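Text of the file data.pdb, holding PDB, C-alpha atoms, pLDDT in the B column:
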```pdb
MODEL        1
ATOM      1  CA  MET A 220      -8.825 -13.921  -4.946  1.00 46.00           C
ATOM      2  CA  SER A 221      -5.954 -13.690  -7.425  1.00 56.00           C
ATOM      3  CA  ARG A 222      -2.585 -12.459  -6.229  1.00 63.00           C
ATOM      4  CA  ASP A 223       0.466 -11.066  -7.964  1.00 67.00           C
ATOM      5  CA  LEU A 224       3.121 -13.759  -7.525  1.00 65.00           C
ATOM      6  CA  SER A 225       5.776 -11.968  -9.580  1.00 69.00           C
ATOM      7  CA  PRO A 226       9.234 -11.639  -7.973  1.00 71.00           C
ATOM      8  CA  LYS A 227       8.872  -8.544  -5.802  1.00 67.00           C
ATOM      9  CA  CYS A 228      12.351  -7.157  -6.381  1.00 65.00           C
ATOM     10  CA  LYS A 229      11.771  -7.255 -10.134  1.00 67.00           C
ATOM     11  CA  LEU A 230       8.646  -5.145  -9.684  1.00 69.00           C
ATOM     12  CA  CYS A 231      10.641  -2.459  -7.871  1.00 65.00           C
ATOM     13  CA  ARG A 232      13.303  -2.514 -10.575  1.00 69.00           C
ATOM     14  CA  ARG A 233      10.655  -2.255 -13.288  1.00 69.00           C
ATOM     15  CA  GLU A 234       9.178   0.852 -11.646  1.00 72.00           C
ATOM     16  CA  GLY A 235      12.582   2.307 -10.818  1.00 70.00           C
ATOM     17  CA  LYS A 236      11.769   2.966  -7.153  1.00 71.00           C
ATOM     18  CA  LYS A 237      11.343   1.136  -3.879  1.00 72.00           C
ATOM     19  CA  LEU A 238       7.782  -0.115  -3.408  1.00 71.00           C
ATOM     20  CA  PHE A 239       8.662  -1.749  -0.057  1.00 71.00           C
ATOM     21  CA  LEU A 240       7.222  -5.110  -1.088  1.00 70.00           C
ATOM     22  CA  LYS A 241       9.742  -7.350   0.740  1.00 68.00           C
ATOM     23  CA  GLY A 242       9.594  -5.774   4.172  1.00 68.00           C
ATOM     24  CA  GLU A 243      12.907  -5.779   6.033  1.00 69.00           C
ATOM     25  CA  ARG A 244      14.998  -6.581   2.913  1.00 69.00           C
ATOM     26  CA  CYS A 245      14.002  -3.200   1.438  1.00 64.00           C
ATOM     27  CA  TYR A 246      15.778  -1.442   4.329  1.00 67.00           C
ATOM     28  CA  THR A 247      19.092  -3.276   3.898  1.00 69.00           C
ATOM     29  CA  PRO A 248      21.947  -3.120   1.354  1.00 72.00           C
ATOM     30  CA  LYS A 249      20.601  -6.410  -0.039  1.00 70.00           C
ATOM     31  CA  CYS A 250      17.760  -4.521  -1.763  1.00 70.00           C
ATOM     32  CA  ALA A 251      17.980  -5.384  -5.468  1.00 68.00           C
ATOM     33  CA  LEU A 252      17.387  -1.765  -6.463  1.00 67.00           C
ATOM     34  CA  ASN A 253      20.598  -0.761  -4.694  1.00 68.00           C
ATOM     35  CA  LYS A 254      22.600  -3.244  -6.751  1.00 72.00           C
ATOM     36  CA  ARG A 255      20.788  -3.087 -10.105  1.00 72.00           C
ATOM     37  CA  LYS A 256      19.085   0.219 -10.777  1.00 73.00           C
ATOM     38  CA  TYR A 257      18.147  -0.767 -14.327  1.00 63.00           C
ATOM     39  CA  PRO A 258      14.935  -2.629 -15.356  1.00 70.00           C
ATOM     40  CA  PRO A 259      14.836  -6.440 -15.337  1.00 70.00           C
ATOM     41  CA  GLY A 260      15.151  -8.441 -18.536  1.00 69.00           C
ATOM     42  CA  VAL A 261      17.667  -9.040 -21.261  1.00 64.00           C
ATOM     43  CA  HIS A 262      17.677  -5.402 -22.438  1.00 63.00           C
ATOM     44  CA  GLY A 263      17.367  -3.844 -18.987  1.00 63.00           C
ATOM     45  CA  ALA A 264      21.017  -2.859 -18.702  1.00 68.00           C
ATOM     46  CA  LYS A 265      20.588  -0.535 -21.708  1.00 69.00           C
ATOM     47  CA  GLY A 266      18.578   1.780 -19.477  1.00 67.00           C
ATOM     48  CA  ARG A 267      14.993   2.950 -19.366  1.00 72.00           C
ATOM     49  CA  PRO A 268      13.325   3.755 -22.689  1.00 73.00           C
ATOM     50  CA  ARG A 269      11.817   7.141 -23.388  1.00 80.00           C
ATOM     51  CA  LEU A 270       8.089   6.858 -22.690  1.00 80.00           C
ATOM     52  CA  SER A 271       5.204   8.154 -24.756  1.00 89.00           C
ATOM     53  CA  GLU A 272       2.282   9.912 -23.061  1.00 91.00           C
ATOM     54  CA  TYR A 273       0.376   6.629 -22.932  1.00 91.00           C
ATOM     55  CA  GLY A 274       3.462   4.775 -21.673  1.00 87.00           C
ATOM     56  CA  LEU A 275       3.870   7.262 -18.821  1.00 89.00           C
ATOM     57  CA  GLU A 276       0.216   6.870 -17.838  1.00 92.00           C
ATOM     58  CA  LEU A 277       0.534   3.068 -17.941  1.00 91.00           C
ATOM     59  CA  ARG A 278       3.723   3.002 -15.835  1.00 89.00           C
ATOM     60  CA  THR A 279       2.131   5.310 -13.242  1.00 91.00           C
ATOM     61  CA  LYS A 280      -0.949   3.105 -13.042  1.00 92.00           C
ATOM     62  CA  GLN A 281       1.188  -0.020 -12.666  1.00 90.00           C
ATOM     63  CA  GLN A 282       3.231   1.630  -9.926  1.00 88.00           C
ATOM     64  CA  LEU A 283       0.100   2.495  -7.922  1.00 92.00           C
ATOM     65  CA  LYS A 284      -1.378  -0.977  -8.395  1.00 91.00           C
ATOM     66  CA  ARG A 285       1.822  -2.711  -7.338  1.00 87.00           C
ATOM     67  CA  SER A 286       2.405  -0.421  -4.363  1.00 88.00           C
ATOM     68  CA  TYR A 287      -0.993  -1.234  -2.861  1.00 92.00           C
ATOM     69  CA  ARG A 288      -0.767  -4.912  -3.946  1.00 90.00           C
ATOM     70  CA  ILE A 289      -4.146  -4.911  -5.684  1.00 92.00           C
ATOM     71  CA  THR A 290      -5.336  -6.380  -8.976  1.00 92.00           C
ATOM     72  CA  GLU A 291      -6.257  -4.487 -12.128  1.00 93.00           C
ATOM     73  CA  THR A 292      -9.950  -5.168 -11.474  1.00 94.00           C
ATOM     74  CA  GLN A 293      -9.728  -3.820  -7.924  1.00 94.00           C
ATOM     75  CA  LEU A 294      -8.000  -0.639  -9.085  1.00 95.00           C
ATOM     76  CA  LYS A 295     -10.484  -0.118 -11.914  1.00 94.00           C
ATOM     77  CA  ASN A 296     -13.445  -0.599  -9.544  1.00 95.00           C
ATOM     78  CA  SER A 297     -11.875   1.831  -7.066  1.00 95.00           C
ATOM     79  CA  PHE A 298     -11.512   4.374  -9.862  1.00 95.00           C
ATOM     80  CA  LYS A 299     -15.199   4.008 -10.789  1.00 95.00           C
ATOM     81  CA  LYS A 300     -16.209   4.614  -7.157  1.00 95.00           C
ATOM     82  CA  ALA A 301     -13.904   7.627  -6.948  1.00 94.00           C
ATOM     83  CA  ASP A 302     -15.299   9.041 -10.184  1.00 93.00           C
ATOM     84  CA  ARG A 303     -18.867   8.835  -8.845  1.00 93.00           C
ATOM     85  CA  LYS A 304     -17.977  10.755  -5.691  1.00 92.00           C
ATOM     86  CA  GLN A 305     -18.037  14.536  -5.490  1.00 91.00           C
ATOM     87  CA  GLY A 306     -14.681  16.305  -5.555  1.00 89.00           C
ATOM     88  CA  ASP A 307     -11.358  15.572  -7.212  1.00 91.00           C
ATOM     89  CA  THR A 308     -11.324  12.044  -8.669  1.00 93.00           C
ATOM     90  CA  SER A 309      -7.600  11.537  -8.096  1.00 92.00           C
ATOM     91  CA  GLU A 310      -7.849  12.438  -4.388  1.00 92.00           C
ATOM     92  CA  ASN A 311     -10.990  10.302  -4.009  1.00 94.00           C
ATOM     93  CA  LEU A 312      -9.113   7.354  -5.528  1.00 94.00           C
ATOM     94  CA  ILE A 313      -6.084   7.568  -3.258  1.00 93.00           C
ATOM     95  CA  ARG A 314      -8.328   8.013  -0.197  1.00 94.00           C
ATOM     96  CA  LEU A 315     -10.172   4.792  -1.046  1.00 95.00           C
ATOM     97  CA  LEU A 316      -6.858   2.950  -1.294  1.00 95.00           C
ATOM     98  CA  GLU A 317      -5.498   4.509   1.902  1.00 94.00           C
ATOM     99  CA  LYS A 318      -8.602   3.440   3.857  1.00 96.00           C
ATOM    100  CA  ARG A 319      -8.130  -0.231   2.997  1.00 96.00           C
ATOM    101  CA  LEU A 320      -7.670  -2.217   6.204  1.00 97.00           C
ATOM    102  CA  ASP A 321      -4.456  -3.878   4.978  1.00 95.00           C
ATOM    103  CA  ASN A 322      -2.960  -0.453   4.219  1.00 93.00           C
ATOM    104  CA  VAL A 323      -3.877   0.938   7.656  1.00 94.00           C
ATOM    105  CA  ILE A 324      -2.241  -2.031   9.420  1.00 94.00           C
ATOM    106  CA  TRP A 325       0.937  -1.485   7.362  1.00 91.00           C
ATOM    107  CA  ARG A 326       1.001   2.287   7.865  1.00 90.00           C
ATOM    108  CA  ALA A 327       0.580   1.779  11.611  1.00 90.00           C
ATOM    109  CA  GLY A 328       3.827  -0.223  11.542  1.00 88.00           C
ATOM    110  CA  PHE A 329       2.195  -3.515  12.577  1.00 91.00           C
ATOM    111  CA  ALA A 330       3.382  -5.388   9.447  1.00 89.00           C
ATOM    112  CA  VAL A 331       6.591  -5.376   7.420  1.00 87.00           C
ATOM    113  CA  SER A 332       4.725  -5.046   4.106  1.00 87.00           C
ATOM    114  CA  ARG A 333       1.206  -4.814   2.732  1.00 89.00           C
ATOM    115  CA  ASP A 334       1.400  -8.503   1.773  1.00 89.00           C
ATOM    116  CA  SER A 335       2.218  -9.374   5.372  1.00 90.00           C
ATOM    117  CA  SER A 336      -0.651  -7.167   6.546  1.00 92.00           C
ATOM    118  CA  ARG A 337      -3.048  -8.903   4.151  1.00 93.00           C
ATOM    119  CA  GLN A 338      -1.955 -12.322   5.425  1.00 92.00           C
ATOM    120  CA  MET A 339      -2.534 -11.230   9.007  1.00 94.00           C
ATOM    121  CA  ILE A 340      -6.075 -10.133   8.129  1.00 96.00           C
ATOM    122  CA  ASN A 341      -6.854 -13.248   6.069  1.00 94.00           C
ATOM    123  CA  HIS A 342      -5.849 -15.429   9.039  1.00 94.00           C
ATOM    124  CA  GLY A 343      -8.377 -13.652  11.268  1.00 93.00           C
ATOM    125  CA  ASN A 344      -5.867 -11.866  13.513  1.00 94.00           C
ATOM    126  CA  VAL A 345      -7.391  -8.374  13.149  1.00 95.00           C
ATOM    127  CA  LEU A 346     -10.467  -7.068  14.949  1.00 96.00           C
ATOM    128  CA  VAL A 347     -12.440  -3.985  13.937  1.00 97.00           C
ATOM    129  CA  ASN A 348     -14.735  -2.754  16.713  1.00 96.00           C
ATOM    130  CA  ASN A 349     -14.166  -6.132  18.451  1.00 94.00           C
ATOM    131  CA  ARG A 350     -15.404  -8.004  15.378  1.00 95.00           C
ATOM    132  CA  ARG A 351     -13.087 -10.246  13.356  1.00 96.00           C
ATOM    133  CA  ILE A 352     -12.580  -8.921   9.839  1.00 95.00           C
ATOM    134  CA  ASP A 353     -10.829 -11.147   7.303  1.00 94.00           C
ATOM    135  CA  ILE A 354     -11.274  -8.895   4.238  1.00 95.00           C
ATOM    136  CA  PRO A 355      -8.098  -6.900   3.431  1.00 95.00           C
ATOM    137  CA  SER A 356     -10.034  -4.446   1.244  1.00 95.00           C
ATOM    138  CA  TYR A 357     -12.418  -3.531   4.095  1.00 96.00           C
ATOM    139  CA  GLN A 358     -12.895   0.261   4.138  1.00 96.00           C
ATOM    140  CA  VAL A 359     -12.280   1.708   7.594  1.00 96.00           C
ATOM    141  CA  LYS A 360     -14.586   4.466   8.836  1.00 96.00           C
ATOM    142  CA  ILE A 361     -14.271   7.351  11.281  1.00 95.00           C
ATOM    143  CA  GLY A 362     -14.563   5.998  14.829  1.00 95.00           C
ATOM    144  CA  ASP A 363     -13.411   2.465  13.966  1.00 96.00           C
ATOM    145  CA  GLU A 364     -11.064   0.866  16.480  1.00 96.00           C
ATOM    146  CA  ILE A 365      -8.685  -1.725  15.098  1.00 96.00           C
ATOM    147  CA  LYS A 366      -7.002  -4.254  17.379  1.00 94.00           C
ATOM    148  CA  ILE A 367      -4.659  -7.197  16.969  1.00 93.00           C
ATOM    149  CA  LYS A 368      -5.400 -10.583  18.523  1.00 92.00           C
ATOM    150  CA  PRO A 369      -3.267 -11.244  21.648  1.00 90.00           C
ATOM    151  CA  LYS A 370      -1.388 -14.201  20.114  1.00 89.00           C
ATOM    152  CA  MET A 371       0.157 -11.851  17.523  1.00 90.00           C
ATOM    153  CA  ILE A 372       1.293  -9.169  19.987  1.00 86.00           C
ATOM    154  CA  PRO A 373       4.850 -10.515  20.694  1.00 88.00           C
ATOM    155  CA  LYS A 374       5.626 -10.839  16.971  1.00 88.00           C
ATOM    156  CA  ILE A 375       4.296  -7.367  16.128  1.00 88.00           C
ATOM    157  CA  LYS A 376       6.151  -5.708  19.003  1.00 85.00           C
ATOM    158  CA  GLU A 377       9.315  -7.259  17.586  1.00 85.00           C
ATOM    159  CA  ILE A 378       8.481  -5.714  14.190  1.00 83.00           C
ATOM    160  CA  ILE A 379       7.860  -2.277  15.752  1.00 82.00           C
ATOM    161  CA  ALA A 380      11.311  -2.369  17.362  1.00 78.00           C
ATOM    162  CA  HIS A 381      12.991  -2.360  13.917  1.00 73.00           C
ATOM    163  CA  PRO A 382      13.198   0.407  11.280  1.00 65.00           C
ATOM    164  CA  TRP A 383      10.748  -1.389   8.996  1.00 61.00           C
ATOM    165  CA  GLY A 384       8.100  -1.154  11.732  1.00 57.00           C
ATOM    166  CA  GLU A 385       8.098   2.648  11.763  1.00 61.00           C
ATOM    167  CA  THR A 386       4.768   4.452  11.434  1.00 59.00           C
ATOM    168  CA  LYS A 387       4.338   5.843   7.905  1.00 62.00           C
ATOM    169  CA  GLN A 388       3.374   9.369   9.117  1.00 60.00           C
ATOM    170  CA  SER A 389      -0.425   9.395   8.949  1.00 76.00           C
ATOM    171  CA  SER A 390      -2.278  11.839  11.179  1.00 82.00           C
ATOM    172  CA  TRP A 391      -5.793  10.647  10.343  1.00 92.00           C
ATOM    173  CA  PHE A 392      -5.520   7.779  12.850  1.00 94.00           C
ATOM    174  CA  SER A 393      -3.959   7.419  16.287  1.00 92.00           C
ATOM    175  CA  ILE A 394      -1.815   4.468  17.361  1.00 90.00           C
ATOM    176  CA  ASP A 395      -1.587   2.800  20.758  1.00 88.00           C
ATOM    177  CA  LYS A 396       1.681   0.876  20.427  1.00 84.00           C
ATOM    178  CA  GLU A 397       1.394  -0.596  23.913  1.00 85.00           C
ATOM    179  CA  ASN A 398      -1.954  -2.305  23.237  1.00 87.00           C
ATOM    180  CA  LEU A 399      -1.470  -2.506  19.446  1.00 88.00           C
ATOM    181  CA  ALA A 400      -4.641  -0.605  18.614  1.00 92.00           C
ATOM    182  CA  VAL A 401      -5.502   1.967  15.944  1.00 94.00           C
ATOM    183  CA  LYS A 402      -8.312   4.521  16.177  1.00 95.00           C
ATOM    184  CA  ILE A 403      -9.604   6.177  12.985  1.00 96.00           C
ATOM    185  CA  LEU A 404      -9.985   9.885  13.757  1.00 94.00           C
ATOM    186  CA  THR A 405     -10.920  11.459  10.430  1.00 93.00           C
ATOM    187  CA  GLU A 406     -10.796  11.031   6.672  1.00 91.00           C
ATOM    188  CA  PRO A 407      -7.270  11.034   5.204  1.00 90.00           C
ATOM    189  CA  LYS A 408      -6.251  14.654   4.659  1.00 83.00           C
ATOM    190  CA  ALA A 409      -4.422  15.985   1.621  1.00 78.00           C
ATOM    191  CA  GLU A 410      -1.134  16.163   3.536  1.00 80.00           C
ATOM    192  CA  ASP A 411      -1.477  12.489   4.538  1.00 79.00           C
ATOM    193  CA  LEU A 412      -1.796  11.233   0.961  1.00 81.00           C
ATOM    194  CA  PRO A 413       1.232   9.911  -0.984  1.00 82.00           C
ATOM    195  CA  LYS A 414       2.910  12.603  -3.086  1.00 81.00           C
ATOM    196  CA  ASP A 415       5.222  10.395  -5.139  1.00 80.00           C
ATOM    197  CA  ILE A 416       2.621   9.309  -7.732  1.00 85.00           C
ATOM    198  CA  ASP A 417       1.001  11.683 -10.257  1.00 88.00           C
ATOM    199  CA  LEU A 418      -2.595  10.530  -9.886  1.00 90.00           C
ATOM    200  CA  ARG A 419      -3.774  12.760 -12.725  1.00 91.00           C
ATOM    201  CA  LEU A 420      -2.023  10.382 -15.137  1.00 92.00           C
ATOM    202  CA  ILE A 421      -4.079   7.482 -13.766  1.00 92.00           C
ATOM    203  CA  VAL A 422      -7.306   9.452 -14.162  1.00 92.00           C
ATOM    204  CA  GLN A 423      -6.332  10.207 -17.766  1.00 92.00           C
ATOM    205  CA  PHE A 424      -5.513   6.518 -18.356  1.00 93.00           C
ATOM    206  CA  TYR A 425      -8.927   5.282 -17.181  1.00 92.00           C
ATOM    207  CA  SER A 426     -10.878   8.173 -18.730  1.00 88.00           C
ATOM    208  CA  LYS A 427      -9.950   7.237 -22.314  1.00 78.00           C
TER     209      LYS A 427
ENDMDL
END
```
Can you give me the file's structure in the form of structure tokens?
Amino acid sequence: MSRDLSPKCKLCRREGKKLFLKGERCYTPKCALNKRKYPPGVHGAKGRPRLSEYGLELRTKQQLKRSYRITETQLKNSFKKADRKQGDTSENLIRLLEKRLDNVIWRAGFAVSRDSSRQMINHGNVLVNNRRIDIPSYQVKIGDEIKIKPKMIPKIKEIIAHPWGETKQSSWFSIDKENLAVKILTEPKAEDLPKDIDLRLIVQFYSK
């Protein structure tokens, strides 16, 4: 599967906000966005250009894609699934992204970034209902129990002890930090979904 190998700090600067792509570095004064708040590139220091309606939709879509560390094809396919479901397409879309296994591991505080979470899953260190799952995009379901293989426990407990290992405030799953287990209790509720991205702009972008 293709991956975005672009410099992570440049992606944050391009979007003008922290996407927490570099784990612990994002929580320190070394974060590039603290030092250079303007976009990357030769003309970046001139500031951010005024965006057209299409430009705003595109930037919002790019921000969502880069936050969840997925490809354009994955985001487009997720949108098609969300559009086929009953209810609000924008909420359906963000719920599909939130229920990705790599996102749940990160939100539980077991990884410093979504990239780190994906690597942990790809290496076979995550069990869902006592079955090894090595697909980061796996959609968790109500009742699923997610565990970490014992060999990873010391490293993850070290991560949890730092600020970048904090739980990202999700009430739709419970966390057992002692045994490093996550239990999916319900579907993500409206209050659990990210509020910093205007999903309506993404729906408009893909609906054209």
Quick one: of A:Leu277, A:Pro226, A:Phe329, A:Glu410, who's nearest to A:Glu377, counting only C-alpha atoms? A:Phe329
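Interatomic distance, atom CA of A:Tyr357 to atom CA of A:Leu320: 5.4 Å.
Distance annotation: of A:Ile340, A:Leu283, A:Ile372, A:Ile379, the residue with the minimal separation from A:Arg419 is A:Leu283; atom set is only C-alpha atoms.
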Give me the residues near stretch 295-306 of chain A as a VMD selection string, where near means some atom within 8 Å (using only C-alpha atoms) and where sequence neighbours in that chain fewer than 3 positions away do not count. chain A and resid 291 to 292 309 to 312 315 to 316 422 425
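Comparing A:Lys408, A:Ile367, A:Leu399, A:Lys249 by their smallest distance to A:Gly343, the closest is A:Ile367 (using only C-alpha atoms).
Residue nearest A:Asp417 within the list A:Lys254, A:Lys370, A:Arg278, A:Arg267: A:Arg278 [criterion: smallest interatomic distance, all atoms listed in the file].
Between atom CA of A:Arg255 and atom CA of A:Arg333 lies a distance of 23.5 Å.
Of the residues under consideration (A:Ile378, A:Ile421, A:Ser389, A:Ala409), A:Ile421 shows the shortest atom-to-atom contact distance to A:Thr279 when counting all atoms listed in the file.
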So that I can check the surroundings of A:Asp363, please list as a PyMOL selection string every protein, DNA and RNA residue that reaches within 7 Å of it, counting all atoms listed in the file and ignoring chain neighbours fewer than 6 positions away. chain A and resi 347-348+402-403
Selection export as an mmCIF file, keeping the file's coordinate frame, atoms kept: C-alpha atoms:
```cif
data_model
loop_
_atom_site.group_PDB
_atom_site.id
_atom_site.type_symbol
_atom_site.label_atom_id
_atom_site.label_comp_id
_atom_site.auth_asym_id
_atom_site.auth_seq_id
_atom_site.Cartn_x
_atom_site.Cartn_y
_atom_site.Cartn_z
ATOM 1 C CA VAL A 347 -12.440 -3.985 13.937
ATOM 2 C CA ASN A 348 -14.735 -2.754 16.713
ATOM 3 C CA LYS A 402 -8.312 4.521 16.177
ATOM 4 C CA ILE A 403 -9.604 6.177 12.985
#
```
note - atom CA of A:Ser286 and atom CA of A:Arg269 are separated by 22.5 Å
Once the PyMOL selection byres ((chain A and resi 392-396) around 12) is applied to the coordinates I shared, what remains selected? I want it as an mmCIF file with C-alpha atoms, in the frame of the given file.
```cif
data_model
loop_
_atom_site.group_PDB
_atom_site.id
_atom_site.type_symbol
_atom_site.label_atom_id
_atom_site.label_comp_id
_atom_site.auth_asym_id
_atom_site.auth_seq_id
_atom_site.Cartn_x
_atom_site.Cartn_y
_atom_site.Cartn_z
ATOM 1 C CA GLU A 317 -5.498 4.509 1.902
ATOM 2 C CA LYS A 318 -8.602 3.440 3.857
ATOM 3 C CA VAL A 323 -3.877 0.938 7.656
ATOM 4 C CA ILE A 324 -2.241 -2.031 9.420
ATOM 5 C CA TRP A 325 0.937 -1.485 7.362
ATOM 6 C CA ARG A 326 1.001 2.287 7.865
ATOM 7 C CA ALA A 327 0.580 1.779 11.611
ATOM 8 C CA GLY A 328 3.827 -0.223 11.542
ATOM 9 C CA PHE A 329 2.195 -3.515 12.577
ATOM 10 C CA VAL A 359 -12.280 1.708 7.594
ATOM 11 C CA LYS A 360 -14.586 4.466 8.836
ATOM 12 C CA ILE A 361 -14.271 7.351 11.281
ATOM 13 C CA GLY A 362 -14.563 5.998 14.829
ATOM 14 C CA ASP A 363 -13.411 2.465 13.966
ATOM 15 C CA GLU A 364 -11.064 0.866 16.480
ATOM 16 C CA ILE A 365 -8.685 -1.725 15.098
ATOM 17 C CA LYS A 366 -7.002 -4.254 17.379
ATOM 18 C CA ILE A 367 -4.659 -7.197 16.969
ATOM 19 C CA ILE A 372 1.293 -9.169 19.987
ATOM 20 C CA PRO A 373 4.850 -10.515 20.694
ATOM 21 C CA ILE A 375 4.296 -7.367 16.128
ATOM 22 C CA LYS A 376 6.151 -5.708 19.003
ATOM 23 C CA GLU A 377 9.315 -7.259 17.586
ATOM 24 C CA ILE A 378 8.481 -5.714 14.190
ATOM 25 C CA ILE A 379 7.860 -2.277 15.752
ATOM 26 C CA ALA A 380 11.311 -2.369 17.362
ATOM 27 C CA GLY A 384 8.100 -1.154 11.732
ATOM 28 C CA GLU A 385 8.098 2.648 11.763
ATOM 29 C CA THR A 386 4.768 4.452 11.434
ATOM 30 C CA LYS A 387 4.338 5.843 7.905
ATOM 31 C CA GLN A 388 3.374 9.369 9.117
ATOM 32 C CA SER A 389 -0.425 9.395 8.949
ATOM 33 C CA SER A 390 -2.278 11.839 11.179
ATOM 34 C CA TRP A 391 -5.793 10.647 10.343
ATOM 35 C CA GLU A 397 1.394 -0.596 23.913
ATOM 36 C CA ASN A 398 -1.954 -2.305 23.237
ATOM 37 C CA LEU A 399 -1.470 -2.506 19.446
ATOM 38 C CA ALA A 400 -4.641 -0.605 18.614
ATOM 39 C CA VAL A 401 -5.502 1.967 15.944
ATOM 40 C CA LYS A 402 -8.312 4.521 16.177
ATOM 41 C CA ILE A 403 -9.604 6.177 12.985
ATOM 42 C CA LEU A 404 -9.985 9.885 13.757
ATOM 43 C CA THR A 405 -10.920 11.459 10.430
ATOM 44 C CA GLU A 406 -10.796 11.031 6.672
ATOM 45 C CA PRO A 407 -7.270 11.034 5.204
ATOM 46 C CA LYS A 408 -6.251 14.654 4.659
ATOM 47 C CA ASP A 411 -1.477 12.489 4.538
#
```
Quick one: axis-aligned box around all listed atoms of stretch 345-360 of chain A, 8 Å on every side, centre and edge lengths in Å to one decimal, written as AutoDock Vina command-line options.
```
--center_x -11.4 --center_y -3.3 --center_z 9.8 --size_x 24.0 --size_y 31.6 --size_z 33.2
```
Which of these, A:Ile289, A:Leu346, A:Leu412, A:Leu275, has the shortest distance to A:Phe424 once you count all atoms listed in the file? A:Leu275
Nearby residues (only C-alpha atoms) at most 10 Å from A:Asn344, same-chain spacing under 6 positions excluded, as a PyMOL selection string: chain A and resi 336+338+351-353+366-371
Could you extract stretch 319-336 of chain A of the given structure into a file holding N, CA and C atoms, as an mmCIF file, in the first residue's frame?
```cif
data_model
loop_
_atom_site.group_PDB
_atom_site.id
_atom_site.type_symbol
_atom_site.label_atom_id
_atom_site.label_comp_id
_atom_site.auth_asym_id
_atom_site.auth_seq_id
_atom_site.Cartn_x
_atom_site.Cartn_y
_atom_site.Cartn_z
ATOM 1 N N ARG A 319 -11.446 3.179 12.310
ATOM 2 C CA ARG A 319 -10.261 2.476 11.813
ATOM 3 C C ARG A 319 -9.435 1.990 13.005
ATOM 4 N N LEU A 320 -8.900 0.796 12.902
ATOM 5 C CA LEU A 320 -8.145 0.210 14.009
ATOM 6 C C LEU A 320 -6.932 1.067 14.374
ATOM 7 N N ASP A 321 -6.223 1.602 13.371
ATOM 8 C CA ASP A 321 -5.043 2.415 13.681
ATOM 9 C C ASP A 321 -5.430 3.691 14.440
ATOM 10 N N ASN A 322 -6.598 4.246 14.130
ATOM 11 C CA ASN A 322 -7.054 5.439 14.847
ATOM 12 C C ASN A 322 -7.418 5.117 16.296
ATOM 13 N N VAL A 323 -8.071 3.970 16.507
ATOM 14 C CA VAL A 323 -8.471 3.588 17.873
ATOM 15 C C VAL A 323 -7.241 3.385 18.751
ATOM 16 N N ILE A 324 -6.220 2.710 18.216
ATOM 17 C CA ILE A 324 -4.983 2.487 18.976
ATOM 18 C C ILE A 324 -4.349 3.828 19.360
ATOM 19 N N TRP A 325 -4.346 4.779 18.430
ATOM 20 C CA TRP A 325 -3.770 6.104 18.707
ATOM 21 C C TRP A 325 -4.608 6.861 19.724
ATOM 22 N N ARG A 326 -5.918 6.859 19.560
ATOM 23 C CA ARG A 326 -6.790 7.588 20.487
ATOM 24 C C ARG A 326 -6.739 6.988 21.898
ATOM 25 N N ALA A 327 -6.463 5.705 21.989
ATOM 26 C CA ALA A 327 -6.347 5.072 23.304
ATOM 27 C C ALA A 327 -5.046 5.464 24.002
ATOM 28 N N GLY A 328 -4.134 6.107 23.255
ATOM 29 C CA GLY A 328 -2.864 6.533 23.847
ATOM 30 C C GLY A 328 -1.787 5.476 23.797
ATOM 31 N N PHE A 329 -1.990 4.422 22.980
ATOM 32 C CA PHE A 329 -1.020 3.327 22.906
ATOM 33 C C PHE A 329 0.061 3.567 21.851
ATOM 34 N N ALA A 330 -0.028 4.665 21.105
ATOM 35 C CA ALA A 330 0.967 4.991 20.078
ATOM 36 C C ALA A 330 1.153 6.501 20.040
ATOM 37 N N VAL A 331 2.340 6.937 19.653
ATOM 38 C CA VAL A 331 2.637 8.374 19.660
ATOM 39 C C VAL A 331 2.029 9.095 18.461
ATOM 40 N N SER A 332 1.668 8.347 17.422
ATOM 41 C CA SER A 332 1.071 8.939 16.225
ATOM 42 C C SER A 332 0.296 7.851 15.490
ATOM 43 N N ARG A 333 -0.489 8.252 14.517
ATOM 44 C CA ARG A 333 -1.217 7.247 13.730
ATOM 45 C C ARG A 333 -0.266 6.420 12.889
ATOM 46 N N ASP A 334 0.843 7.002 12.443
ATOM 47 C CA ASP A 334 1.849 6.227 11.699
ATOM 48 C C ASP A 334 2.441 5.133 12.583
ATOM 49 N N SER A 335 2.745 5.488 13.814
ATOM 50 C CA SER A 335 3.283 4.513 14.763
ATOM 51 C C SER A 335 2.266 3.410 15.043
ATOM 52 N N SER A 336 1.002 3.798 15.162
ATOM 53 C CA SER A 336 -0.073 2.829 15.378
ATOM 54 C C SER A 336 -0.184 1.873 14.192
#
```
